[in-house]
>>> print(open('input33.cif').read())   # mmCIF, C-alpha atoms (C1' of nucleotides)
data_input
loop_
_atom_site.label_atom_id
_atom_site.label_comp_id
_atom_site.auth_asym_id
_atom_site.auth_seq_id
_atom_site.Cartn_x
_atom_site.Cartn_y
_atom_site.Cartn_z
CA MET A 1 1.38 8.10 -4.08
CA ILE A 2 -1.38 9.85 -2.23
CA SER A 3 -4.26 7.48 -1.62
CA THR A 4 -7.98 8.03 -1.95
CA LYS A 5 -8.18 8.91 1.73
CA GLY A 6 -6.16 12.06 1.26
CA ARG A 7 -7.54 12.90 -2.16
CA TYR A 8 -11.18 12.37 -1.25
CA ALA A 9 -10.72 14.32 1.98
CA ILE A 10 -9.58 17.34 0.02
CA ARG A 11 -12.53 17.02 -2.33
CA VAL A 12 -14.88 16.86 0.64
CA MET A 13 -13.31 20.01 2.05
CA ILE A 14 -13.71 21.81 -1.27
CA ASP A 15 -17.31 20.64 -1.55
CA LEU A 16 -18.08 21.86 1.96
CA ALA A 17 -16.46 25.20 1.23
CA GLU A 18 -18.38 25.70 -2.00
CA HIS A 19 -21.75 24.74 -0.53
CA ASP A 20 -21.35 26.38 2.83
CA ASN A 21 -24.49 28.30 3.72
CA GLY A 22 -24.29 28.07 7.48
CA THR A 23 -26.20 24.80 7.71
CA TYR A 24 -24.88 21.25 7.78
CA ILE A 25 -24.31 19.54 4.45
CA PRO A 26 -25.48 15.90 4.33
CA LEU A 27 -22.87 13.37 3.22
CA LYS A 28 -25.38 11.98 0.77
CA ASP A 29 -25.23 15.22 -1.21
CA ILE A 30 -21.44 15.36 -1.14
CA ALA A 31 -21.20 11.75 -2.26
CA ALA A 32 -23.58 12.40 -5.15
CA ARG A 33 -21.76 15.51 -6.33
CA GLN A 34 -18.34 13.96 -6.01
CA GLU A 35 -19.45 10.60 -7.37
CA ILE A 36 -17.91 8.71 -4.49
CA SER A 37 -19.58 5.90 -2.53
CA LYS A 38 -21.25 7.41 0.52
CA LYS A 39 -20.33 4.39 2.60
CA TYR A 40 -16.68 4.80 1.78
CA LEU A 41 -16.81 8.52 2.47
CA GLU A 42 -18.17 7.78 5.93
CA ILE A 43 -14.85 6.23 6.87
CA ILE A 44 -12.99 9.23 5.56
CA VAL A 45 -15.08 11.96 7.18
CA LYS A 46 -14.90 10.08 10.44
CA ASP A 47 -11.13 10.64 10.46
CA MET A 48 -11.65 14.24 9.42
CA VAL A 49 -13.94 14.83 12.38
CA ALA A 50 -11.51 13.10 14.73
CA GLY A 51 -8.70 15.23 13.34
CA GLY A 52 -10.52 18.47 13.96
CA LEU A 53 -11.01 19.43 10.32
CA ILE A 54 -14.77 19.34 10.21
CA LYS A 55 -17.76 18.93 12.49
CA GLY A 56 -20.65 16.49 12.17
CA ALA A 57 -24.25 16.67 13.38
CA SER A 58 -26.61 13.71 13.58
CA GLY A 59 -30.28 13.56 12.81
CA LYS A 60 -32.53 15.38 10.43
CA GLY A 61 -30.95 18.56 9.20
CA GLY A 62 -27.59 17.12 10.12
CA GLY A 63 -24.48 16.63 8.05
CA TYR A 64 -21.03 18.17 8.07
CA LYS A 65 -19.56 21.65 8.04
CA LEU A 66 -16.17 23.31 8.13
CA LEU A 67 -14.85 24.54 11.44
CA ARG A 68 -12.77 27.35 9.98
CA LYS A 69 -12.73 29.62 6.98
CA PRO A 70 -11.27 28.06 3.80
CA GLU A 71 -8.22 30.33 3.96
CA ASP A 72 -7.41 28.95 7.39
CA TYR A 73 -6.87 25.38 6.18
CA THR A 74 -3.70 24.29 4.44
CA VAL A 75 -3.69 21.39 2.00
CA GLY A 76 -0.66 20.04 3.85
CA GLU A 77 -2.46 19.56 7.12
CA VAL A 78 -5.28 17.68 5.42
CA ILE A 79 -2.92 15.31 3.60
CA GLU A 80 -0.74 14.80 6.63
CA LEU A 81 -3.73 13.96 8.80
CA MET A 82 -5.24 11.55 6.32
CA GLU A 83 -2.10 9.84 5.06
CA GLY A 84 -0.46 9.71 8.46
CA SER A 85 2.68 11.34 7.17
CA LEU A 86 3.97 13.46 4.33
CA ALA A 87 7.42 11.84 4.48
CA THR A 88 9.00 10.53 1.30
CA VAL A 89 11.01 7.81 3.04
CA ALA A 90 10.18 5.82 6.17
CA CYS A 91 13.17 7.01 8.18
CA LEU A 92 11.98 10.63 7.95
CA ALA A 93 8.43 9.95 9.13
CA GLU A 94 7.37 11.29 12.49
CA GLY A 95 7.99 8.71 15.19
CA ALA A 96 10.27 6.58 13.02
CA ALA A 97 12.98 4.58 14.71
CA PRO A 98 16.29 6.47 14.53
CA CYS A 99 18.33 5.09 11.64
CA PRO A 100 21.70 3.69 12.70
CA ARG A 101 23.13 4.67 9.31
CA ALA A 102 22.02 8.29 9.54
CA ASP A 103 25.51 9.61 10.25
CA THR A 104 27.07 8.16 7.13
CA CYS A 105 23.99 7.96 4.90
CA GLU A 106 24.73 9.49 1.54
CA THR A 107 21.09 9.79 0.55
CA LEU A 108 19.68 11.43 3.67
CA ALA A 109 20.10 14.97 2.36
CA LEU A 110 18.48 13.98 -0.94
CA TRP A 111 15.33 12.90 0.84
CA SER A 112 15.20 15.53 3.55
CA ASP A 113 15.76 18.38 1.10
CA PHE A 114 12.93 17.06 -1.00
CA ASP A 115 10.71 16.66 2.04
CA LYS A 116 11.28 20.31 2.85
CA LEU A 117 10.28 21.27 -0.68
CA LYS A 118 7.17 19.12 -0.41
CA HIS A 119 6.27 20.51 2.97
CA ASP A 120 6.60 24.09 1.75
CA TYR A 121 4.51 23.37 -1.31
CA PHE A 122 1.59 21.70 0.42
CA TYR A 123 1.57 23.90 3.50
CA GLY A 124 1.71 26.89 1.17
CA LYS A 125 -1.53 25.88 -0.53
CA ARG A 126 -4.73 26.81 1.22
CA LEU A 127 -8.20 25.36 0.81
CA SER A 128 -9.32 28.74 -0.47
CA ASP A 129 -6.84 28.36 -3.35
CA LEU A 130 -8.74 25.31 -4.59
CA VAL A 131 -12.27 26.65 -4.36
CA LYS A 132 -13.94 28.00 -7.49
CA GLN A 133 -15.84 31.24 -7.28
CA MET B 1 6.64 6.88 0.07
CA ILE B 2 9.57 5.56 -1.87
CA SER B 3 10.00 1.87 -1.18
CA THR B 4 13.16 -0.12 -0.54
CA LYS B 5 13.38 -0.97 -4.22
CA GLY B 6 14.06 2.61 -5.19
CA ARG B 7 16.10 3.46 -2.12
CA TYR B 8 18.28 0.37 -2.25
CA ALA B 9 18.81 0.82 -5.99
CA ILE B 10 20.26 4.26 -5.39
CA ARG B 11 22.53 2.92 -2.66
CA VAL B 12 23.75 0.19 -5.03
CA MET B 13 24.48 2.82 -7.66
CA ILE B 14 26.43 4.92 -5.16
CA ASP B 15 28.32 1.86 -3.96
CA LEU B 16 29.23 0.92 -7.54
CA ALA B 17 30.37 4.47 -8.26
CA GLU B 18 32.53 4.65 -5.16
CA HIS B 19 34.17 1.27 -5.68
CA ASP B 20 34.52 1.44 -9.42
CA ASN B 21 37.99 0.30 -10.46
CA GLY B 22 37.19 -1.04 -13.88
CA THR B 23 36.39 -4.55 -12.65
CA TYR B 24 33.05 -6.05 -11.69
CA ILE B 25 31.94 -5.64 -8.08
CA PRO B 26 30.38 -8.78 -6.54
CA LEU B 27 26.94 -8.31 -5.04
CA LYS B 28 28.18 -10.03 -1.90
CA ASP B 29 30.48 -7.09 -1.20
CA ILE B 30 27.79 -4.51 -1.88
CA ALA B 31 25.36 -6.34 0.38
CA ALA B 32 27.93 -6.46 3.17
CA ARG B 33 28.83 -2.78 2.92
CA GLN B 34 25.22 -1.65 2.64
CA GLU B 35 24.00 -4.12 5.26
CA ILE B 36 21.21 -5.37 3.02
CA SER B 37 20.29 -9.01 2.45
CA LYS B 38 22.12 -10.21 -0.66
CA LYS B 39 19.16 -12.34 -1.67
CA TYR B 40 16.86 -9.35 -1.60
CA LEU B 41 19.33 -7.22 -3.50
CA GLU B 42 19.39 -9.83 -6.27
CA ILE B 43 15.79 -8.98 -7.09
CA ILE B 44 16.59 -5.30 -7.19
CA VAL B 45 19.74 -5.47 -9.32
CA LYS B 46 17.91 -7.74 -11.72
CA ASP B 47 15.51 -4.88 -12.47
CA MET B 48 18.43 -2.48 -12.69
CA VAL B 49 20.10 -4.65 -15.31
CA ALA B 50 16.84 -5.02 -17.24
CA GLY B 51 16.37 -1.26 -17.10
CA GLY B 52 19.80 -0.55 -18.53
CA LEU B 53 21.27 1.05 -15.43
CA ILE B 54 24.02 -1.47 -14.75
CA LYS B 55 25.64 -4.53 -16.28
CA GLY B 56 26.19 -7.93 -14.71
CA ALA B 57 28.82 -10.62 -15.37
CA SER B 58 28.59 -14.23 -14.16
CA GLY B 59 31.32 -16.47 -12.86
CA LYS B 60 34.50 -15.90 -10.94
CA GLY B 61 35.55 -12.29 -11.15
CA GLY B 62 31.99 -11.39 -12.01
CA GLY B 63 29.65 -8.91 -10.39
CA TYR B 64 28.12 -5.62 -11.45
CA LYS B 65 29.38 -2.34 -12.85
CA LEU B 66 27.98 0.96 -14.02
CA LEU B 67 27.38 1.48 -17.72
CA ARG B 68 27.90 5.24 -17.66
CA LYS B 69 29.78 7.83 -15.68
CA PRO B 70 28.10 8.89 -12.39
CA GLU B 71 27.34 12.34 -13.77
CA ASP B 72 25.37 10.75 -16.60
CA TYR B 73 22.78 9.18 -14.29
CA THR B 74 19.95 11.18 -12.77
CA VAL B 75 18.34 10.15 -9.52
CA GLY B 76 14.98 10.60 -11.18
CA GLU B 77 15.51 7.94 -13.78
CA VAL B 78 16.58 5.44 -11.13
CA ILE B 79 13.54 6.08 -8.97
CA GLU B 80 11.16 6.12 -11.90
CA LEU B 81 12.49 2.81 -13.19
CA MET B 82 12.35 1.09 -9.82
CA GLU B 83 9.08 2.50 -8.51
CA GLY B 84 7.32 2.31 -11.85
CA SER B 85 6.27 5.92 -11.67
CA LEU B 86 7.11 9.17 -9.98
CA ALA B 87 3.49 10.34 -10.02
CA THR B 88 1.89 11.64 -6.83
CA VAL B 89 -1.62 10.56 -7.77
CA ALA B 90 -2.77 7.59 -9.84
CA CYS B 91 -4.48 9.65 -12.53
CA LEU B 92 -1.18 11.33 -13.45
CA ALA B 93 0.82 8.13 -13.80
CA GLU B 94 2.00 7.12 -17.23
CA GLY B 95 -0.53 4.85 -18.89
CA ALA B 96 -3.30 5.74 -16.45
CA ALA B 97 -6.88 5.64 -17.68
CA PRO B 98 -8.05 9.13 -18.64
CA CYS B 99 -10.06 10.61 -15.77
CA PRO B 100 -13.62 11.57 -16.71
CA ARG B 101 -13.55 14.34 -14.14
CA ALA B 102 -10.36 15.91 -15.46
CA ASP B 103 -12.14 18.87 -17.08
CA THR B 104 -13.79 20.02 -13.90
CA CYS B 105 -11.33 18.63 -11.35
CA GLU B 106 -10.39 21.31 -8.86
CA THR B 107 -7.36 19.44 -7.57
CA LEU B 108 -5.68 18.49 -10.84
CA ALA B 109 -3.45 21.56 -10.93
CA LEU B 110 -2.46 20.99 -7.31
CA TRP B 111 -1.11 17.56 -8.15
CA SER B 112 0.35 18.27 -11.56
CA ASP B 113 2.17 21.38 -10.37
CA PHE B 114 3.67 19.36 -7.57
CA ASP B 115 4.62 16.56 -9.93
CA LYS B 116 6.49 19.07 -12.06
CA LEU B 117 8.36 20.27 -8.99
CA LYS B 118 9.18 16.71 -8.03
CA HIS B 119 10.30 15.82 -11.51
CA ASP B 120 12.60 18.83 -11.69
CA TYR B 121 14.08 18.05 -8.31
CA PHE B 122 14.89 14.40 -8.91
CA TYR B 123 15.94 14.75 -12.53
CA GLY B 124 18.14 17.62 -11.46
CA LYS B 125 20.08 15.43 -9.05
CA ARG B 126 22.82 13.29 -10.52
CA LEU B 127 24.45 10.18 -9.14
CA SER B 128 27.71 12.13 -8.97
CA ASP B 129 26.03 14.54 -6.54
CA LEU B 130 25.56 11.70 -4.06
CA VAL B 131 29.01 10.17 -4.22
CA LYS B 132 31.57 11.06 -1.57
CA GLN B 133 35.07 11.93 -2.68
"C1'" DT C 1 -45.42 10.89 19.43
"C1'" DT C 2 -43.71 9.03 15.56
"C1'" DA C 3 -41.55 8.68 11.14
"C1'" DA C 4 -37.82 10.15 8.66
"C1'" DT C 5 -33.23 11.50 8.31
"C1'" DA C 6 -28.49 11.32 9.00
"C1'" DA C 7 -24.39 10.53 11.57
"C1'" DC C 8 -21.88 7.00 13.81
"C1'" DC C 9 -20.01 2.24 14.80
"C1'" DT C 10 -17.99 -2.43 13.97
"C1'" DA C 11 -16.80 -5.90 11.01
"C1'" DT C 12 -15.41 -8.12 6.76
"C1'" DT C 13 -13.81 -8.59 2.11
"C1'" DG C 14 -10.70 -9.47 -2.07
"C1'" DA C 15 -7.01 -7.88 -4.38
"C1'" DC C 16 -2.74 -6.24 -4.14
"C1'" DT C 17 1.93 -4.74 -2.49
"C1'" DC C 18 5.98 -4.99 0.46
"C1'" DG C 19 10.00 -6.95 2.03
"C1'" DA C 20 11.89 -10.53 2.15
"C1'" DT C 21 13.45 -15.94 2.11
"C1'" DA C 22 14.56 -20.36 -0.25
"C1'" DG C 23 16.57 -23.39 -3.35
"C1'" DG C 24 18.28 -24.39 -7.60
"C1'" DT C 25 20.68 -23.54 -12.47
"C1'" DA C 26 23.92 -21.52 -15.65
"C1'" DA C 27 28.15 -19.17 -16.66
"C1'" DA C 28 32.91 -17.96 -16.17
"C1'" DT C 29 37.45 -18.19 -14.22
"C1'" DA C 30 41.65 -19.68 -11.39
"C1'" DT D 1 37.63 -29.33 -12.07
"C1'" DA D 2 36.45 -26.68 -8.08
"C1'" DT D 3 34.97 -22.31 -6.96
"C1'" DT D 4 32.72 -18.25 -7.53
"C1'" DT D 5 29.14 -15.56 -9.09
"C1'" DA D 6 25.13 -14.09 -11.53
"C1'" DC D 7 20.62 -15.54 -12.72
"C1'" DC D 8 15.96 -17.83 -12.30
"C1'" DT D 9 11.41 -19.29 -10.25
"C1'" DA D 10 8.65 -19.76 -6.49
"C1'" DT D 11 6.73 -18.81 -2.11
"C1'" DC D 12 5.68 -16.35 2.17
"C1'" DG D 13 3.39 -13.54 6.01
"C1'" DA D 14 2.07 -9.23 7.09
"C1'" DG D 15 0.07 -5.32 5.89
"C1'" DT D 16 -2.53 -1.79 3.07
"C1'" DC D 17 -6.12 -0.23 -0.13
"C1'" DA D 18 -10.61 0.61 -1.49
"C1'" DA D 19 -14.50 -0.63 -0.64
"C1'" DT D 20 -19.04 -3.07 1.06
"C1'" DA D 21 -22.40 -4.46 4.64
"C1'" DG D 22 -25.46 -4.04 8.28
"C1'" DG D 23 -26.76 -2.21 12.39
"C1'" DT D 24 -27.34 1.61 16.24
"C1'" DT D 25 -27.87 6.18 17.99
"C1'" DA D 26 -29.10 10.99 17.69
"C1'" DT D 27 -32.04 14.72 16.04
"C1'" DT D 28 -35.70 17.02 13.95
"C1'" DA D 29 -40.00 17.82 11.27
"C1'" DA D 30 -44.65 16.46 10.62
#
>>> encode(input="input33.cif", output="structure tokens")
Amino acid sequence: MISTKGRYAIRVMIDLAEHDNGTYIPLKDIAARQEISKKYLEIIVKDMVAGGLIKGASGKGGGYKLLRKPEDYTVGEVIELMEGSLATVACLAEGAAPCPRADTCETLALWSDFDKLKHDYFYGKRLSDLVKQ
Amino acid sequence: MISTKGRYAIRVMIDLAEHDNGTYIPLKDIAARQEISKKYLEIIVKDMVAGGLIKGASGKGGGYKLLRKPEDYTVGEVIELMEGSLATVACLAEGAAPCPRADTCETLALWSDFDKLKHDYFYGKRLSDLVKQ
DNA sequence: TTAATAACCTATTGACTCGATAGGTAAATA
DNA sequence: TATTTACCTATCGAGTCAATAGGTTATTAA
């Protein structure tokens, strides 16, 4: 299950893309449009800034904006950043301890084949694919 | 992420398929072969019995056995039973409250298309596909 | 210069899940 | 009748999830 962190992050990205007019978009506006607690969103956009997805500016006239064009973001990178990993099972996550049963594991291919499918799907989707014109 | 419940359940199914000789297989043996705590497996096989995947028999000579042939089990049904749902996001899980934003949600198709892919993948895999000859 | 705005920071919360462990009871067979 | 085995209930510590709360710093417009 993808948690609110990943899901809300994508909605923030879409909102920023749809309301991009060169200026910074205040989180207050995004929170109102998306009907998500602004306080909770703060935590999420903080990670998005740290991860290089968006840029923030303090003070009056401040807010957030995208760093790239919508077609240059993949959904996969957003989810992976926010959720920590896209892996279906723990042993396939980045930085996981090597599994001692890997050589004889009869389910490894099941999971890794699916992970490939998942990776291709989400890295094949771009932010621009989600934005309404 | 698929938890140990789903993953261990599949390994139990594979173990039962590979050691099926008509008799019941004691959980002690499965636990030893799979290197999983027998006590913990008890919780898991209990759900598997309740879900109609396997059958248990008490007493000496007892244990567990499959109810169908390996080719008549799909991986999807095992995971879905053990994890409760195969859904990627909460709003698409069976019995979820209808989302008030569904009509205008710009991410719904993203998730439901992926869920279809996932469903097809896991319901397309059979237990017999995982068993070594 | 000051008031307003908005990001940024740290901490805490309650509910829940995860992955087990523990100890006991009932059933079936050799 | 002793042994084996499933079956049952309860509990646990650690962690995650989805927020809430309150304060500080940065920036700009009046």
>>> resolve_selection(input="input33.cif", expression="the PyMOL selection byres ((chain A) within 8 of (chain B))", output="count of residues only")
16
>>> resolve_selection(input="input33.cif", expression="the PyMOL selection byres ((chain A) within 10 of (chain C))", output="number ranges by chain")
A: 26-28, 42-43, 46, 56-64
>>> closest_residue(input="input33.cif", among="A:Ile79, A:Ala96, A:Cys91, A:Ile44", to="Leu127 of chain A", atoms="only C-alpha atoms")
A:Ile79
>>> calpha_fit_and_write(input="input33.cif", fixed="chain B", moving="chain A", output="compact mmCIF listing (two decimals) with C-alpha atoms, keeping the file's coordinate frame")
# COMPACT_ATOMS: atom_id res chain seq x y z
CA MET A 1 6.63 6.89 0.10
CA ILE A 2 9.56 5.56 -1.83
CA SER A 3 10.02 1.87 -1.15
CA THR A 4 13.16 -0.12 -0.51
CA LYS A 5 13.39 -0.97 -4.19
CA GLY A 6 14.06 2.61 -5.15
CA ARG A 7 16.10 3.46 -2.09
CA TYR A 8 18.30 0.38 -2.22
CA ALA A 9 18.81 0.83 -5.96
CA ILE A 10 20.25 4.27 -5.37
CA ARG A 11 22.53 2.93 -2.66
CA VAL A 12 23.74 0.22 -5.01
CA MET A 13 24.48 2.84 -7.65
CA ILE A 14 26.43 4.93 -5.16
CA ASP A 15 28.34 1.87 -3.97
CA LEU A 16 29.23 0.93 -7.53
CA ALA A 17 30.36 4.46 -8.27
CA GLU A 18 32.55 4.66 -5.18
CA HIS A 19 34.18 1.28 -5.72
CA ASP A 20 34.51 1.44 -9.46
CA ASN A 21 37.97 0.31 -10.51
CA GLY A 22 37.15 -1.04 -13.93
CA THR A 23 36.35 -4.55 -12.72
CA TYR A 24 33.02 -6.04 -11.73
CA ILE A 25 31.92 -5.61 -8.13
CA PRO A 26 30.38 -8.75 -6.57
CA LEU A 27 26.94 -8.30 -5.03
CA LYS A 28 28.20 -10.01 -1.91
CA ASP A 29 30.51 -7.07 -1.24
CA ILE A 30 27.81 -4.49 -1.90
CA ALA A 31 25.39 -6.32 0.37
CA ALA A 32 27.97 -6.45 3.16
CA ARG A 33 28.86 -2.77 2.90
CA GLN A 34 25.28 -1.64 2.65
CA GLU A 35 24.05 -4.11 5.25
CA ILE A 36 21.26 -5.36 3.03
CA SER A 37 20.35 -9.01 2.44
CA LYS A 38 22.16 -10.20 -0.67
CA LYS A 39 19.19 -12.32 -1.66
CA TYR A 40 16.90 -9.34 -1.57
CA LEU A 41 19.37 -7.21 -3.50
CA GLU A 42 19.40 -9.83 -6.25
CA ILE A 43 15.80 -8.98 -7.05
CA ILE A 44 16.60 -5.30 -7.16
CA VAL A 45 19.73 -5.46 -9.31
CA LYS A 46 17.90 -7.74 -11.70
CA ASP A 47 15.50 -4.87 -12.45
CA MET A 48 18.41 -2.47 -12.68
CA VAL A 49 20.08 -4.65 -15.30
CA ALA A 50 16.82 -5.01 -17.21
CA GLY A 51 16.36 -1.25 -17.08
CA GLY A 52 19.76 -0.54 -18.53
CA LEU A 53 21.27 1.06 -15.43
CA ILE A 54 23.98 -1.46 -14.76
CA LYS A 55 25.59 -4.52 -16.29
CA GLY A 56 26.14 -7.93 -14.72
CA ALA A 57 28.74 -10.63 -15.39
CA SER A 58 28.48 -14.21 -14.19
CA GLY A 59 31.18 -16.47 -12.90
CA LYS A 60 34.37 -15.92 -11.02
CA GLY A 61 35.49 -12.34 -11.22
CA GLY A 62 31.94 -11.39 -12.05
CA GLY A 63 29.62 -8.92 -10.41
CA TYR A 64 28.10 -5.62 -11.47
CA LYS A 65 29.34 -2.34 -12.87
CA LEU A 66 27.94 0.97 -14.03
CA LEU A 67 27.33 1.49 -17.71
CA ARG A 68 27.87 5.24 -17.65
CA LYS A 69 29.76 7.82 -15.67
CA PRO A 70 28.09 8.88 -12.39
CA GLU A 71 27.33 12.35 -13.78
CA ASP A 72 25.35 10.76 -16.58
CA TYR A 73 22.75 9.19 -14.28
CA THR A 74 19.94 11.19 -12.75
CA VAL A 75 18.34 10.14 -9.47
CA GLY A 76 14.96 10.61 -11.14
CA GLU A 77 15.51 7.94 -13.74
CA VAL A 78 16.57 5.43 -11.10
CA ILE A 79 13.51 6.08 -8.93
CA GLU A 80 11.16 6.11 -11.86
CA LEU A 81 12.49 2.81 -13.15
CA MET A 82 12.35 1.10 -9.79
CA GLU A 83 9.08 2.49 -8.47
CA GLY A 84 7.32 2.29 -11.81
CA SER A 85 6.27 5.91 -11.64
CA LEU A 86 7.12 9.17 -9.94
CA ALA A 87 3.49 10.33 -10.00
CA THR A 88 1.90 11.64 -6.83
CA VAL A 89 -1.62 10.56 -7.77
CA ALA A 90 -2.77 7.59 -9.85
CA CYS A 91 -4.45 9.65 -12.56
CA LEU A 92 -1.14 11.33 -13.44
CA ALA A 93 0.85 8.11 -13.79
CA GLU A 94 2.05 7.10 -17.21
CA GLY A 95 -0.49 4.86 -18.89
CA ALA A 96 -3.28 5.73 -16.47
CA ALA A 97 -6.83 5.61 -17.72
CA PRO A 98 -7.98 9.11 -18.69
CA CYS A 99 -10.00 10.58 -15.82
CA PRO A 100 -13.55 11.51 -16.80
CA ARG A 101 -13.48 14.31 -14.21
CA ALA A 102 -10.29 15.88 -15.53
CA ASP A 103 -12.08 18.81 -17.16
CA THR A 104 -13.76 19.99 -13.98
CA CYS A 105 -11.32 18.61 -11.41
CA GLU A 106 -10.38 21.30 -8.94
CA THR A 107 -7.37 19.43 -7.61
CA LEU A 108 -5.68 18.48 -10.87
CA ALA A 109 -3.45 21.55 -10.96
CA LEU A 110 -2.46 20.99 -7.33
CA TRP A 111 -1.11 17.56 -8.15
CA SER A 112 0.35 18.25 -11.56
CA ASP A 113 2.17 21.37 -10.37
CA PHE A 114 3.67 19.37 -7.56
CA ASP A 115 4.61 16.56 -9.91
CA LYS A 116 6.51 19.06 -12.03
CA LEU A 117 8.37 20.27 -8.96
CA LYS A 118 9.19 16.70 -8.00
CA HIS A 119 10.30 15.82 -11.49
CA ASP A 120 12.61 18.84 -11.67
CA TYR A 121 14.09 18.06 -8.28
CA PHE A 122 14.88 14.41 -8.88
CA TYR A 123 15.93 14.76 -12.50
CA GLY A 124 18.14 17.65 -11.41
CA LYS A 125 20.08 15.43 -9.02
CA ARG A 126 22.81 13.31 -10.51
CA LEU A 127 24.45 10.19 -9.12
CA SER A 128 27.70 12.13 -8.96
CA ASP A 129 26.02 14.55 -6.52
CA LEU A 130 25.56 11.71 -4.03
CA VAL A 131 29.02 10.18 -4.20
CA LYS A 132 31.57 11.07 -1.54
CA GLN A 133 35.09 11.87 -2.60
>>> closest_atom_pairs(input="input33.cif", of="chain D", to="chain B", cutoff="8 Å", atoms="all atoms listed in the file", output="JSON lines")
{"residue": "D:DT3", "atom": "C1'", "partner": "B:Lys60", "partner_atom": "CA", "distance": 7.6}
{"residue": "D:DT4", "atom": "C1'", "partner": "B:Lys60", "partner_atom": "CA", "distance": 4.5}
{"residue": "D:DT5", "atom": "C1'", "partner": "B:Gly59", "partner_atom": "CA", "distance": 4.4}
{"residue": "D:DA6", "atom": "C1'", "partner": "B:Ser58", "partner_atom": "CA", "distance": 4.3}
>>> resolve_selection(input="input33.cif", expression="the PyMOL selection byres ((chain B and resi 22) around 12)", output="ChimeraX atom specification")
/B:16-21,23-25,61-69
>>> atom_distance(input="input33.cif", atom1="atom C1' of DT27 of chain D", atom2="atom CA of Gly52 of chain A")
21.9 Å
>>> residues_around(input="input33.cif", residues="Pro70 of chain A", least_positions_apart="2", cutoff="6 Å", atoms="all atoms listed in the file", output="VMD selection string")
chain A and resid 72 to 73 127 to 128
>>> atom_distance(input="input33.cif", atom1="atom CA of Val49 of chain B", atom2="atom C1' of DT11 of chain D")
23.5 Å
>>> atom_distance(input="input33.cif", atom1="atom CA of Glu80 of chain B", atom2="atom CA of Leu92 of chain B")
13.5 Å
>>> decode(input="input33.cif", residues="segment 2-28 of chain D", atoms="C-alpha atoms (C1' of nucleotides)", output="mmCIF file, in the first residue's frame")
data_model
loop_
_atom_site.group_PDB
_atom_site.id
_atom_site.type_symbol
_atom_site.label_atom_id
_atom_site.label_comp_id
_atom_site.auth_asym_id
_atom_site.auth_seq_id
_atom_site.Cartn_x
_atom_site.Cartn_y
_atom_site.Cartn_z
ATOM 1 C "C1'" DA D 2 2.159 -41.883 26.399
ATOM 2 C "C1'" DT D 3 3.249 -39.237 22.614
ATOM 3 C "C1'" DT D 4 2.486 -36.344 19.020
ATOM 4 C "C1'" DT D 5 0.297 -32.726 16.864
ATOM 5 C "C1'" DA D 6 -2.965 -29.188 15.853
ATOM 6 C "C1'" DC D 7 -5.433 -25.529 17.948
ATOM 7 C "C1'" DC D 8 -6.483 -21.544 21.133
ATOM 8 C "C1'" DT D 9 -5.847 -17.082 23.720
ATOM 9 C "C1'" DA D 10 -3.017 -13.677 25.270
ATOM 10 C "C1'" DT D 11 0.766 -10.610 25.365
ATOM 11 C "C1'" DC D 12 4.836 -8.045 23.817
ATOM 12 C "C1'" DG D 13 8.177 -4.339 22.098
ATOM 13 C "C1'" DA D 14 9.273 -1.874 18.325
ATOM 14 C "C1'" DG D 15 7.959 0.607 14.739
ATOM 15 C "C1'" DT D 16 4.893 3.186 11.395
ATOM 16 C "C1'" DC D 17 1.026 6.167 10.102
ATOM 17 C "C1'" DA D 18 -1.385 10.275 9.956
ATOM 18 C "C1'" DA D 19 -1.715 13.872 12.028
ATOM 19 C "C1'" DT D 20 -1.516 18.025 15.520
ATOM 20 C "C1'" DA D 21 0.902 21.742 18.045
ATOM 21 C "C1'" DG D 22 3.629 25.591 18.763
ATOM 22 C "C1'" DG D 23 7.404 28.214 17.853
ATOM 23 C "C1'" DT D 24 11.305 30.529 14.820
ATOM 24 C "C1'" DT D 25 13.273 32.471 10.753
ATOM 25 C "C1'" DA D 26 13.115 34.636 6.281
ATOM 26 C "C1'" DT D 27 11.108 37.859 2.978
ATOM 27 C "C1'" DT D 28 8.344 41.335 1.147
#
